[in-house]
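One structure below.
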Protein chains: 2
Amino acid sequence: MVVTVYDVAQATGLSIASVSRALNGRPGVSAATSERIVKIAADMGYQPNEVARSLVAKATQTIALLVPDITNPFFPELVKGVQSVADEGDQLLLLLDAPSDPHRLADRLAALRRKQVDGVIVVASELDSADDDLFHGIPGVFLDRAGSGSAPSVSVDQEQAAYLATRHLISRGHRRIAHVLGPENLAVSALRRRGWERACHEAGLPADDDLVFHGDFLEEGGFHAAEQILDARDGITAVFAANDLSAIGVLACCAARGVSVPEDLSVIGLDGIELARFTAPALTTVAQPIRELGERACALLLDVISGAPAGDVVLPVRLIDGASVQAHSGDGGGSPTNGGQR
Amino acid sequence: MVVTVYDVAQATGLSIASVSRALNGRPGVSAATSERIVKIAADMGYQPNEVARSLVAKATQTIALLVPDITNPFFPELVKGVQSVADEGDQLLLLLDAPSDPHRLADRLAALRRKQVDGVIVVASELDSADDDLFHGIPGVFLDRAGSGSAPSVSVDQEQAAYLATRHLISRGHRRIAHVLGPENLAVSALRRRGWERACHEAGLPADDDLVFHGDFLEEGGFHAAEQILDARDGITAVFAANDLSAIGVLACCAARGVSVPEDLSVIGLDGIELARFTAPALTTVAQPIRELGERACALLLDVISGAPAGDVVLPVRLIDGASVQAHSGDGGGSPTNGGQR
DNA sequence: GTGAAAGCGCTAACAG
DNA sequence: CTGTTAGCGCTTTCAC
């Protein structure tokens, strides 16, 4: 039914050894025979069985990427980055969703190990406990989570990113800045909150619980948080949402209630997803170099696999000026605001 | 280094056959020994090598999902659907991006075949030529593309969906309705355009080239198209964007130019992505049952793999009322519009 | 340059 | 109930 090296050997009248050599371009066959073998194999529609090959090679040319929630636009952009270098390295990329439950995550990882994947990248932004040797022997790297010891990582300084976002609002004269949290159990959420706090404290501004609103990194949570912010109002003139999706939820709520952004309320996000350019108004945000994060992570993994020394990588963020932040009448330093793009 | 059945056999003093039986819960071992084997194996940290197992089983318990552009939010939602039933079926799901170039697509498929995946789902919305036996022997199903003959498919009636979207605008009194196209080379684009045309013609409305604007299924293209629409204006009071992402681009452009939606221009999309609920204003759109499409496709594939008879599946769409469409002063029939949600 | 044979780790007859 | 023995399809020594 399916044609194997045996069939090719028989058809050519040669041994499977020669066939294998020829098909893999390995030396030890005369150019002439090699050519003949390749041609006949092609004619017969021979396709090597990678499973058999992997069994002897003890390598599968396959790496896995575990992503917490493919539905969040941040991750697909990350995937693109990983994909591009995986392709270059001729590795097949398996994308799968990572259970947030560390126990189930470990199971998935074990399954991958049994499948003999050559390496694993886990996007651990939404993972809390940095669990010891999650990887249990297989080469692995963490993406979007700072050094957890057990494996090299590629990430940005989340606390700093949040700090910068908040600084931006402060420089525009805002004195009461609300923060929409990420999911409470995540390390990133805590880091981003801390960055916001640091910026506020440093500027002598309040950063107490009254200014903190629950969120979930999704539009829904941002929308909800905004409802509460708008209900309370409480002198708040700006909000720093823990990520862009939350910020989009905030914008949606404002629109629904006729609160105009940035005139009545300034909004800043964090992530720099593509979509942020197409909100109304365009979202001001602190962007992570998303694609590059993916690329570096994959390159790093390839290094680890080949046994090269590998250290942690931390990439810089940068502010992207949209039209969702406006100078507030207060004092405040900073240059005059960009008043929107219309 | 890695522990194998041999090591376990040695440790228990039994044969590899018994070990294999016990580990797989197959009959032919006494409960007592079986228990002992399992325990010892666990202690030793034994992990079966799936590659070896696959070689003999001639099955990998793995299916692949080829998606054109994971960056378009439509697809991640689809993935979720597929994932859920793949999990139930204990199949590992490989997600990979499908080159739009049919030649490179064929290569990818060939690679998957060599990897011995048990089946493949190809999201073919963005594929033009329905190429004969793309699958070349491996069980496969098409997702989001109507019957192409070579493999069963799961889809919605795209022409009808577009027709419904346009009908909705017409029922709100709009008489000059622009259409933002999808990528020109795609079959879906043509179908959606045709649906728009049918609705217009049927109502005695114009559907000529002046009303058709290029797009790319992305925000960018929608934004661009909107610029042209607003520049020309030309009596246009509503636009039907070929997909939600395009519609989002249109909304962004309107916002940037101070054109209010739906007061000055009504906008309707097609897809029903999650995000459509959080635009400003919330997008009115014809929704595909995205998750269910994924679920059905995977279920169908599982059927095909197990040799069960499998027919094409067509799922219904439904209108989701947002706040981006408003009744137009003209005549028009239909019930009074929902004036926005604020 | 070419072939015979061993073996990757596992499952599945077939004997005992 | 348990062990021996063949392979699955391929790569790779090791002889010739």
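Labels for the structure tokens follow display order: chains A, B, ..., residues from 1 in each chain, ligands from 1.
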Per residue of chain A within 10 Å of chain D, what are the shortest atom pair and its distance in Å to one decimal, counting only C-alpha atoms (C1' of nucleotides), with rows by chain and residue number, as CSV?
residue,atom,partner,partner_atom,distance
A:Thr4,CA,D:DG9,C1',7.0
A:Val5,CA,D:DG9,C1',7.6
A:Tyr6,CA,D:DG9,C1',8.7
A:Ile16,CA,D:DC10,C1',9.3
A:Ala17,CA,D:DT11,C1',8.2
A:Ser20,CA,D:DT11,C1',7.4
A:Arg21,CA,D:DT11,C1',8.7
A:Pro48,CA,D:DG9,C1',8.4
A:Asn49,CA,D:DG9,C1',6.7
A:Glu50,CA,D:DC10,C1',8.6
A:Val51,CA,D:DG9,C1',8.2
A:Ala52,CA,D:DG9,C1',5.1
A:Arg53,CA,D:DC10,C1',5.2
A:Ser54,CA,D:DC10,C1',8.5
A:Leu55,CA,D:DC10,C1',8.1
A:Val56,CA,D:DT11,C1',6.6
A:Ala57,CA,D:DT11,C1',7.7
Dump as an mmCIF file with N, CA and C atoms, in the first residue's frame the residues of chain B that approach chain A to within 8 Å, counting only C-alpha atoms.
data_model
loop_
_atom_site.group_PDB
_atom_site.id
_atom_site.type_symbol
_atom_site.label_atom_id
_atom_site.label_comp_id
_atom_site.auth_asym_id
_atom_site.auth_seq_id
_atom_site.Cartn_x
_atom_site.Cartn_y
_atom_site.Cartn_z
ATOM 1 N N GLN B 47 8.412 6.502 31.080
ATOM 2 C CA GLN B 47 7.493 7.204 30.192
ATOM 3 C C GLN B 47 7.534 6.504 28.845
ATOM 4 N N PRO B 48 6.419 5.981 28.394
ATOM 5 C CA PRO B 48 6.427 5.281 27.106
ATOM 6 C C PRO B 48 6.864 6.194 25.978
ATOM 7 N N ASN B 49 7.585 5.670 25.059
ATOM 8 C CA ASN B 49 8.024 6.409 23.888
ATOM 9 C C ASN B 49 6.950 6.296 22.809
ATOM 10 N N GLU B 50 6.244 7.387 22.629
ATOM 11 C CA GLU B 50 5.117 7.368 21.688
ATOM 12 C C GLU B 50 5.568 7.169 20.253
ATOM 13 N N VAL B 51 6.791 7.554 19.976
ATOM 14 C CA VAL B 51 7.269 7.398 18.612
ATOM 15 C C VAL B 51 7.356 5.920 18.275
ATOM 16 N N ALA B 52 7.938 5.169 19.184
ATOM 17 C CA ALA B 52 8.042 3.728 18.966
ATOM 18 C C ALA B 52 6.650 3.115 18.886
ATOM 19 N N SER B 54 3.909 4.564 18.016
ATOM 20 C CA SER B 54 3.256 4.948 16.766
ATOM 21 C C SER B 54 3.749 4.111 15.597
ATOM 22 N N LEU B 55 5.013 3.786 15.645
ATOM 23 C CA LEU B 55 5.592 3.025 14.538
ATOM 24 C C LEU B 55 4.891 1.695 14.368
ATOM 25 N N ILE B 70 -3.542 32.998 11.834
ATOM 26 C CA ILE B 70 -3.895 32.889 13.245
ATOM 27 C C ILE B 70 -4.068 34.257 13.885
ATOM 28 N N THR B 71 -3.629 35.266 13.184
ATOM 29 C CA THR B 71 -3.699 36.628 13.667
ATOM 30 C C THR B 71 -5.100 37.230 13.531
ATOM 31 N N PRO B 73 -8.728 37.175 14.472
ATOM 32 C CA PRO B 73 -9.436 36.644 15.645
ATOM 33 C C PRO B 73 -10.494 35.611 15.324
ATOM 34 N N PRO B 76 -8.663 31.914 15.942
ATOM 35 C CA PRO B 76 -8.492 31.382 17.291
ATOM 36 C C PRO B 76 -9.791 30.853 17.894
ATOM 37 N N GLU B 77 -10.880 31.525 17.586
ATOM 38 C CA GLU B 77 -12.146 31.039 18.135
ATOM 39 C C GLU B 77 -12.495 29.689 17.523
ATOM 40 N N LEU B 93 -3.643 17.897 19.158
ATOM 41 C CA LEU B 93 -3.925 18.793 18.036
ATOM 42 C C LEU B 93 -2.704 19.612 17.678
ATOM 43 N N LEU B 94 -2.291 19.499 16.448
ATOM 44 C CA LEU B 94 -1.197 20.333 15.970
ATOM 45 C C LEU B 94 -1.794 21.479 15.208
ATOM 46 N N LEU B 95 -1.459 22.672 15.614
ATOM 47 C CA LEU B 95 -1.969 23.831 14.913
ATOM 48 C C LEU B 95 -0.847 24.381 14.065
ATOM 49 N N LEU B 96 -1.097 24.545 12.800
ATOM 50 C CA LEU B 96 -0.051 25.193 12.018
ATOM 51 C C LEU B 96 -0.623 26.114 10.971
ATOM 52 N N ARG B 114 4.132 12.633 6.111
ATOM 53 C CA ARG B 114 5.351 11.921 6.509
ATOM 54 C C ARG B 114 5.418 11.752 8.028
ATOM 55 N N LYS B 115 4.877 12.740 8.715
ATOM 56 C CA LYS B 115 4.843 12.649 10.182
ATOM 57 C C LYS B 115 3.771 11.669 10.640
ATOM 58 N N GLN B 116 3.022 11.164 9.681
ATOM 59 C CA GLN B 116 1.989 10.172 9.961
ATOM 60 C C GLN B 116 0.858 10.689 10.824
ATOM 61 N N GLU B 219 -8.021 45.105 9.401
ATOM 62 C CA GLU B 219 -8.429 46.444 9.822
ATOM 63 C C GLU B 219 -7.909 47.473 8.833
ATOM 64 N N ILE B 248 -14.183 46.850 11.583
ATOM 65 C CA ILE B 248 -13.491 47.550 12.657
ATOM 66 C C ILE B 248 -12.605 48.648 12.077
ATOM 67 N N GLY B 249 -11.985 48.336 10.960
ATOM 68 C CA GLY B 249 -11.188 49.345 10.279
ATOM 69 C C GLY B 249 -12.051 50.519 9.840
ATOM 70 N N LEU B 251 -14.844 51.501 11.213
ATOM 71 C CA LEU B 251 -15.212 52.254 12.415
ATOM 72 C C LEU B 251 -14.055 53.161 12.837
ATOM 73 N N ALA B 252 -12.851 52.613 12.785
ATOM 74 C CA ALA B 252 -11.682 53.395 13.204
ATOM 75 C C ALA B 252 -11.531 54.630 12.335
ATOM 76 N N ALA B 255 -14.155 57.203 13.208
ATOM 77 C CA ALA B 255 -13.822 57.864 14.470
ATOM 78 C C ALA B 255 -12.730 58.899 14.235
ATOM 79 N N ALA B 256 -11.739 58.514 13.461
ATOM 80 C CA ALA B 256 -10.617 59.414 13.220
ATOM 81 C C ALA B 256 -11.069 60.667 12.478
ATOM 82 N N ARG B 257 -12.108 60.498 11.679
ATOM 83 C CA ARG B 257 -12.566 61.648 10.897
ATOM 84 C C ARG B 257 -13.755 62.364 11.508
ATOM 85 N N GLY B 258 -14.165 61.921 12.662
ATOM 86 C CA GLY B 258 -15.280 62.582 13.305
ATOM 87 C C GLY B 258 -16.621 62.287 12.657
ATOM 88 N N LEU B 275 -14.715 40.160 19.596
ATOM 89 C CA LEU B 275 -14.315 41.560 19.632
ATOM 90 C C LEU B 275 -15.393 42.507 19.156
ATOM 91 N N PHE B 278 -17.186 44.692 21.438
ATOM 92 C CA PHE B 278 -16.499 45.733 22.202
ATOM 93 C C PHE B 278 -15.944 46.865 21.358
ATOM 94 N N THR B 279 -16.515 47.026 20.177
ATOM 95 C CA THR B 279 -16.123 48.185 19.404
ATOM 96 C C THR B 279 -17.012 49.341 19.839
ATOM 97 N N ALA B 280 -16.659 50.535 19.377
ATOM 98 C CA ALA B 280 -17.470 51.693 19.714
ATOM 99 C C ALA B 280 -17.965 52.312 18.415
ATOM 100 N N PRO B 281 -19.208 52.213 18.087
ATOM 101 C CA PRO B 281 -20.253 51.483 18.826
ATOM 102 C C PRO B 281 -20.136 49.983 18.574
ATOM 103 N N ALA B 282 -20.857 49.212 19.393
ATOM 104 C CA ALA B 282 -20.834 47.759 19.223
ATOM 105 C C ALA B 282 -21.260 47.423 17.805
ATOM 106 N N GLN B 341 -26.871 51.736 22.190
ATOM 107 C CA GLN B 341 -27.097 51.130 23.498
ATOM 108 C C GLN B 341 -26.860 52.047 24.677
ATOM 109 N N ARG B 342 -26.516 53.282 24.392
ATOM 110 C CA ARG B 342 -26.229 54.123 25.550
ATOM 111 C C ARG B 342 -27.478 54.634 26.237
#
Please build the interface table for chain A against chain C with a cut-off of 7 Å, listing for each qualifying residue the nearest atom pair and the distance in Å to one decimal; count only C-alpha atoms (C1' of nucleotides), order rows by chain and increasing number, and write it as a Markdown table.
| residue | atom | partner | partner_atom | distance |
| --- | --- | --- | --- | --- |
| A:Ser15 | CA | C:DG3 | C1' | 6.2 |
| A:Ser18 | CA | C:DT2 | C1' | 7.0 |
| A:Gly28 | CA | C:DG1 | C1' | 6.2 |
| A:Val29 | CA | C:DG1 | C1' | 5.8 |
| A:Ser30 | CA | C:DG1 | C1' | 6.4 |
| A:Leu55 | CA | C:DC8 | C1' | 5.3 |
| A:Val56 | CA | C:DC8 | C1' | 4.4 |
Output all heavy atoms for every residue in that selection, as a CSV table (one decimal), in the first residue's frame.
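Final output, saved to again.csv:
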chain,number,residue,atom,x,y,z
A,15,SER,N,20.2,-2.5,-2.5
A,15,SER,CA,19.9,-2.8,-1.1
A,15,SER,C,19.2,-1.6,-0.4
A,15,SER,O,19.5,-0.5,-0.9
A,15,SER,CB,21.1,-3.2,-0.3
A,15,SER,OG,21.9,-2.0,-0.1
A,18,SER,N,21.7,1.3,0.4
A,18,SER,CA,22.1,2.2,-0.7
A,18,SER,C,20.9,3.2,-0.9
A,18,SER,O,21.1,4.4,-1.1
A,18,SER,CB,22.4,1.5,-2.0
A,18,SER,OG,23.5,0.7,-1.8
A,28,GLY,N,28.7,7.6,-0.2
A,28,GLY,CA,28.8,6.2,-0.2
A,28,GLY,C,28.0,5.5,-1.4
A,28,GLY,O,27.8,4.3,-1.4
A,29,VAL,N,27.5,6.3,-2.2
A,29,VAL,CA,26.8,5.8,-3.4
A,29,VAL,C,27.3,6.6,-4.6
A,29,VAL,O,27.6,7.8,-4.5
A,29,VAL,CB,25.3,6.1,-3.4
A,29,VAL,CG1,24.5,4.8,-3.6
A,29,VAL,CG2,24.9,6.8,-2.1
A,30,SER,N,27.5,5.9,-5.7
A,30,SER,CA,28.0,6.6,-6.9
A,30,SER,C,26.9,7.6,-7.4
A,30,SER,O,25.7,7.3,-7.2
A,30,SER,CB,28.3,5.6,-8.0
A,30,SER,OG,27.1,5.1,-8.5
A,55,LEU,N,12.5,7.5,15.4
A,55,LEU,CA,12.8,6.4,16.3
A,55,LEU,C,14.3,6.1,16.4
A,55,LEU,O,14.9,6.0,17.4
A,55,LEU,CB,12.0,5.1,16.0
A,55,LEU,CG,12.2,4.0,17.0
A,55,LEU,CD1,11.8,4.4,18.4
A,55,LEU,CD2,11.4,2.8,16.5
A,56,VAL,N,14.9,6.1,15.2
A,56,VAL,CA,16.3,5.8,15.2
A,56,VAL,C,17.1,7.1,15.5
A,56,VAL,O,18.1,7.0,16.2
A,56,VAL,CB,16.8,5.1,13.9
A,56,VAL,CG1,15.9,5.2,12.8
A,56,VAL,CG2,18.2,5.5,13.6
### Ala86 of chain B surroundings by only C-alpha atoms (C1' of nucleotides), 9 Å radius, close-in-sequence under 5 positions cut, as a list in words
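My reading of the contact set: Thr62, Ile63, Gly81, Gln91, Leu92, Leu93, Glu295, Cys298, Ala299 and Leu302 of chain B.
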Q. Segment 51-262 of chain B: which residues are strand (DSSP E) by DSSP, as JSON, numbers by chain?
A. {"B": [62, 63, 64, 65, 66, 67, 92, 93, 94, 95, 96, 97, 119, 120, 121, 122, 123, 140, 141, 142, 143, 153, 154, 155, 156, 177, 178, 179, 180, 212, 213, 238, 239, 240, 241]}
(Q) Using DSSP secondary structure from the backbone, list all alpha helix (DSSP H) positions within segment 71-200 of chain A, as number ranges by chain. (A) A: 74-88, 102-114, 158-171, 187-200
- Item | Atomic distance atom CA of Ala226 of chain B - atom CA of Ala187 of chain B, expressed in Å with one decimal |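 Between atom CA of Ala226 of chain B and atom CA of Ala187 of chain B the gap works out to 22.8 Å.
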How many Å separate atom CA of Val19 of chain B from atom CA of Asp107 of chain A?
->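 The value is 22.3 Å.
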Can you tell me, as a PyMOL selection string, what residues are no more than 9 Å from Ala238 of chain A when counting only C-alpha atoms (C1' of nucleotides), ignoring any on the same chain fewer than 2 positions away?
chain A and resi 169+174-179+236+240+262+264-268+325-326+328
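Pairwise distance (atom CA of Leu283 of chain B, atom CA of Ala247 of chain B) equals 7.9 Å.
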